[in-house]
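Take a look at the structure below.
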Amino acid sequence: MTHEKNTILGFFSDWTLWEKSWLSISVILMLTLSLYWKDSAIGIIASLTGIICVVLVAKGRISNYYFGIVNVVAYAYVAYGWQYYGEVMLNLLYFLPIQFYGIWYWMKNRKQSNKDEVYVKFMSNRQRIMWGLISVASIIGYGVVLKMIKGSLPFIDSTSTVLSIIAMILMVRLYMEQWILWIIVDVVSIIMWVVVLMKGGNDIAILIMWTAYLVNAVYGLVNWIKLYKAQGARR
């Protein structure tokens, strides 16, 4: 019992007061509103693991992937119930397998001083232009496909799906620019789940999760810039 307690305390030992407060407030708010709105258990699980996962990503922690595995499976289940097929395919066919690749790649680039932390990097201007063009073309193409299979909000769903795929690639490869795409994805996803609530849905936990993701993405952007500068100073 003492060993387990020390392990948990060690996990949070270098967390700032803001990070601990932010995680605590997000979890308490999500649980309170979810219980009030009688949200599903699977929706609550998806939200809890999702919030913990993105906070760990913002800190550059490899352990984010373990929570991510649970999150993508649970979230896909909820999204399927509302016919967001793009989200379902994204999570089960892409996010799930890439969690395991992410564990492997981040372990290869982890710091010697802290085995759960990694080195981060920036993209070149050429890479930014290339991925920008790929994003626009893919959003249009996939939006047409989702419209053909009568998915809900096809082009909004497409934007969330395509940018999530690209952002995940950048995340796994440790590029700071992932956070700019995650901010866009989070805004679009919030719109999608607001529509669900307007249709009579009770998945308030999922909406809170995406709202928490948005706040965390802004924090992640700022923190990764700090991590990049700090690691440059130490090298």
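Lettering and numbering for the structure tokens are positional, with chains as A, B, ... in the shown order, residues counted from 1 in each chain, and ligands counted from 1 in the shown order.
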Quick one: everything within 7 Å of Pro154 of chain A, counting only C-alpha atoms, minus sequence neighbours fewer than 6 positions away in the same chain. Send it as number ranges by chain.
A: 143, 146-147
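Residues in contact with segment 214-216 of chain A at up to 9 Å, not including ones fewer than 2 positions away on its chain and judged by only C-alpha atoms, are Trp22, Ile51, Val54, Val55, Ala58, Trp182, Ile183, Ile184, Val185, Asp186, Val187, Ile190, Met209, Trp210, Thr211, Ala212, Val218, Tyr219, Gly220 and Leu221 of chain A.
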Taking the DSSP secondary structure from the backbone, can you list the residues of segment 85-223 of chain A that are helix (DSSP H, G or I), as a tab-separated table (two decimals) with C-alpha atoms, in the first residue's frame?
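The resulting out-v6.tsv:
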chain	number	residue	atom	x	y	z
A	85	TYR	CA	-19.39	7.65	-38.59
A	86	GLY	CA	-16.34	9.74	-39.36
A	87	GLU	CA	-15.56	9.91	-35.64
A	88	VAL	CA	-16.14	6.16	-35.24
A	89	MET	CA	-13.82	5.21	-38.09
A	90	LEU	CA	-11.24	7.76	-36.97
A	91	ASN	CA	-11.06	6.35	-33.45
A	92	LEU	CA	-11.17	2.61	-34.14
A	93	LEU	CA	-9.22	2.44	-37.40
A	94	TYR	CA	-6.66	5.15	-36.72
A	95	PHE	CA	-6.45	6.48	-33.16
A	96	LEU	CA	-6.46	3.03	-31.55
A	97	PRO	CA	-3.55	1.47	-33.47
A	98	ILE	CA	-1.50	4.69	-33.47
A	99	GLN	CA	-1.57	4.72	-29.65
A	100	PHE	CA	0.79	1.75	-29.72
A	101	TYR	CA	3.05	3.35	-32.35
A	102	GLY	CA	3.12	6.50	-30.23
A	103	ILE	CA	4.28	4.56	-27.17
A	104	TRP	CA	7.13	3.05	-29.20
A	105	TYR	CA	8.23	6.32	-30.87
A	106	TRP	CA	8.05	8.45	-27.73
A	107	MET	CA	10.07	5.88	-25.79
A	108	LYS	CA	12.78	6.18	-28.45
A	125	ASN	CA	7.80	26.40	-43.12
A	126	ARG	CA	7.85	23.98	-46.06
A	127	GLN	CA	6.32	21.24	-43.92
A	128	ARG	CA	3.61	23.62	-42.66
A	129	ILE	CA	2.59	24.58	-46.21
A	130	MET	CA	2.57	20.95	-47.36
A	131	TRP	CA	0.37	19.76	-44.48
A	132	GLY	CA	-1.92	22.77	-44.90
A	133	LEU	CA	-2.64	21.89	-48.53
A	134	ILE	CA	-3.14	18.22	-47.68
A	135	SER	CA	-5.61	19.21	-44.94
A	136	VAL	CA	-7.82	21.35	-47.19
A	137	ALA	CA	-7.97	18.76	-49.99
A	138	SER	CA	-8.70	15.90	-47.59
A	139	ILE	CA	-11.46	17.78	-45.73
A	140	ILE	CA	-13.32	18.45	-48.99
A	141	GLY	CA	-12.90	14.90	-50.30
A	142	TYR	CA	-13.90	13.13	-47.10
A	143	GLY	CA	-16.80	15.52	-46.57
A	144	VAL	CA	-18.26	14.41	-49.89
A	145	VAL	CA	-17.94	10.75	-48.85
A	146	LEU	CA	-19.70	11.34	-45.51
A	147	LYS	CA	-22.48	13.24	-47.28
A	148	MET	CA	-23.01	10.29	-49.63
A	154	PRO	CA	-20.69	15.74	-43.06
A	155	PHE	CA	-18.25	18.59	-43.68
A	156	ILE	CA	-17.97	19.55	-40.02
A	157	ASP	CA	-17.47	15.87	-39.21
A	158	SER	CA	-14.88	15.71	-42.01
A	159	THR	CA	-12.98	18.70	-40.64
A	160	SER	CA	-12.80	17.12	-37.20
A	161	THR	CA	-11.74	13.76	-38.62
A	162	VAL	CA	-9.12	14.93	-41.11
A	163	LEU	CA	-7.46	17.46	-38.81
A	164	SER	CA	-7.47	14.92	-35.98
A	165	ILE	CA	-5.59	12.46	-38.20
A	166	ILE	CA	-2.98	15.03	-39.16
A	167	ALA	CA	-2.71	16.42	-35.64
A	168	MET	CA	-2.13	12.91	-34.30
A	169	ILE	CA	0.66	12.35	-36.83
A	170	LEU	CA	2.31	15.57	-35.68
A	171	MET	CA	1.77	14.61	-32.04
A	172	VAL	CA	3.38	11.20	-32.41
A	178	GLN	CA	-0.08	19.72	-33.48
A	179	TRP	CA	-1.63	22.07	-30.92
A	180	ILE	CA	-2.82	24.56	-33.53
A	181	LEU	CA	-4.74	21.77	-35.27
A	182	TRP	CA	-6.08	20.40	-31.98
A	183	ILE	CA	-7.53	23.83	-31.17
A	184	ILE	CA	-9.44	23.80	-34.48
A	185	VAL	CA	-10.56	20.20	-33.94
A	186	ASP	CA	-11.82	20.98	-30.46
A	187	VAL	CA	-13.88	23.98	-31.61
A	188	VAL	CA	-15.45	21.95	-34.42
A	189	SER	CA	-16.16	19.00	-32.11
A	190	ILE	CA	-17.85	21.26	-29.56
A	191	ILE	CA	-20.20	22.41	-32.32
A	192	MET	CA	-20.98	18.79	-33.22
A	193	TRP	CA	-21.91	17.79	-29.68
A	194	VAL	CA	-23.93	20.96	-29.07
A	195	VAL	CA	-26.04	19.81	-32.02
A	196	VAL	CA	-26.45	16.43	-30.28
A	197	LEU	CA	-27.78	18.14	-27.14
A	198	MET	CA	-30.14	20.26	-29.26
A	204	ILE	CA	-23.08	16.27	-21.63
A	205	ALA	CA	-19.86	14.52	-20.49
A	206	ILE	CA	-18.61	14.37	-24.07
A	207	LEU	CA	-19.31	18.09	-24.58
A	208	ILE	CA	-17.47	18.93	-21.36
A	209	MET	CA	-14.61	16.70	-22.48
A	210	TRP	CA	-14.18	18.62	-25.75
A	211	THR	CA	-14.41	21.93	-23.92
A	212	ALA	CA	-11.68	20.75	-21.56
A	213	TYR	CA	-9.67	19.61	-24.57
A	214	LEU	CA	-9.87	23.13	-26.03
A	215	VAL	CA	-8.55	24.76	-22.87
A	216	ASN	CA	-5.85	22.11	-22.60
A	217	ALA	CA	-4.82	22.58	-26.25
A	218	VAL	CA	-4.15	26.26	-25.63
A	219	TYR	CA	-2.13	25.30	-22.55
A	220	GLY	CA	-0.34	22.56	-24.51
A	221	LEU	CA	0.71	25.05	-27.18
A	222	VAL	CA	2.18	27.41	-24.59
A	223	ASN	CA	3.82	24.61	-22.58
Residue neighbourhood Cys53 of chain A, 10 Å, only C-alpha atoms, exclusion window fewer than 6 positions, as a list in words
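Listed by chain and then number, they are Ser47, Arg61, Ile62, Ser63, Asn64, Tyr65, Tyr66, Phe67, Gly68, Ile69, Val70, Asn71 and Tyr213 of chain A.
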Picked from segment 114-204 of chain A by DSSP as strand (DSSP E or B), as number ranges by chain
A: 117-118, 121, 175
Output N, CA and C atoms for every residue in the selection just made, as a short mmCIF file (atom, residue, chain, number, x, y, z; two decimals), in the first residue's frame.
data_model
loop_
_atom_site.label_atom_id
_atom_site.label_comp_id
_atom_site.auth_asym_id
_atom_site.auth_seq_id
_atom_site.Cartn_x
_atom_site.Cartn_y
_atom_site.Cartn_z
N GLU A 117 9.25 11.58 -19.99
CA GLU A 117 9.24 12.83 -20.73
C GLU A 117 10.01 12.70 -22.04
N VAL A 118 9.63 13.52 -23.03
CA VAL A 118 10.25 13.44 -24.35
C VAL A 118 10.76 14.81 -24.81
N LYS A 121 9.80 19.29 -30.89
CA LYS A 121 10.44 20.00 -31.99
C LYS A 121 9.42 20.82 -32.79
N TYR A 175 5.88 17.13 -32.94
CA TYR A 175 5.88 18.49 -33.47
C TYR A 175 4.94 19.39 -32.67
#
One decimal, in Å: what's the spacing between atom CA of Gly200 of chain A and atom CA of Ala76 of chain A?
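Atom CA of Ala76 of chain A lies at a distance of 19.4 Å from atom CA of Gly200 of chain A.
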Suppose you want the space between atom CA of Ile25 of chain A and atom CA of Gly60 of chain A; what is it in Å?
21.0 Å
Atom CA of Tyr84 of chain A to atom CA of Ile149 of chain A, straight-line distance in Å:
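So the answer is 10.9 Å.
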Distance query Asp39 of chain A at most 9 Å, only C-alpha atoms, self and fewer than 3 positions along chain excluded, as a ChimeraX atom specification:
/A:33-36,42-44,202-205
Preceding selection exported with C-alpha atoms as a tab-separated table (two decimals), in the first residue's frame:
chain	number	residue	atom	x	y	z
A	33	LEU	CA	-23.07	17.59	-14.70
A	34	SER	CA	-22.98	14.08	-16.12
A	35	LEU	CA	-24.79	12.68	-13.09
A	36	TYR	CA	-27.31	15.52	-13.20
A	42	ILE	CA	-19.42	4.75	-21.16
A	43	GLY	CA	-19.64	8.47	-21.89
A	44	ILE	CA	-18.25	9.29	-18.45
A	202	ASN	CA	-27.77	13.62	-22.90
A	203	ASP	CA	-24.06	13.24	-23.68
A	204	ILE	CA	-23.08	16.27	-21.63
A	205	ALA	CA	-19.86	14.52	-20.49
Pick the closest to Trp82 of chain A from A:Ile52, A:Met176, A:Ala46, A:Leu153: which is it, counting only C-alpha atoms?
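Smallest distance to Trp82 of chain A is found for A:Leu153.
Of the residues under consideration (A:Lys111, A:Arg173, A:Lys226, A:Lys199), A:Lys199 shows the shortest atom-to-atom contact distance to Ser152 of chain A when counting only C-alpha atoms.
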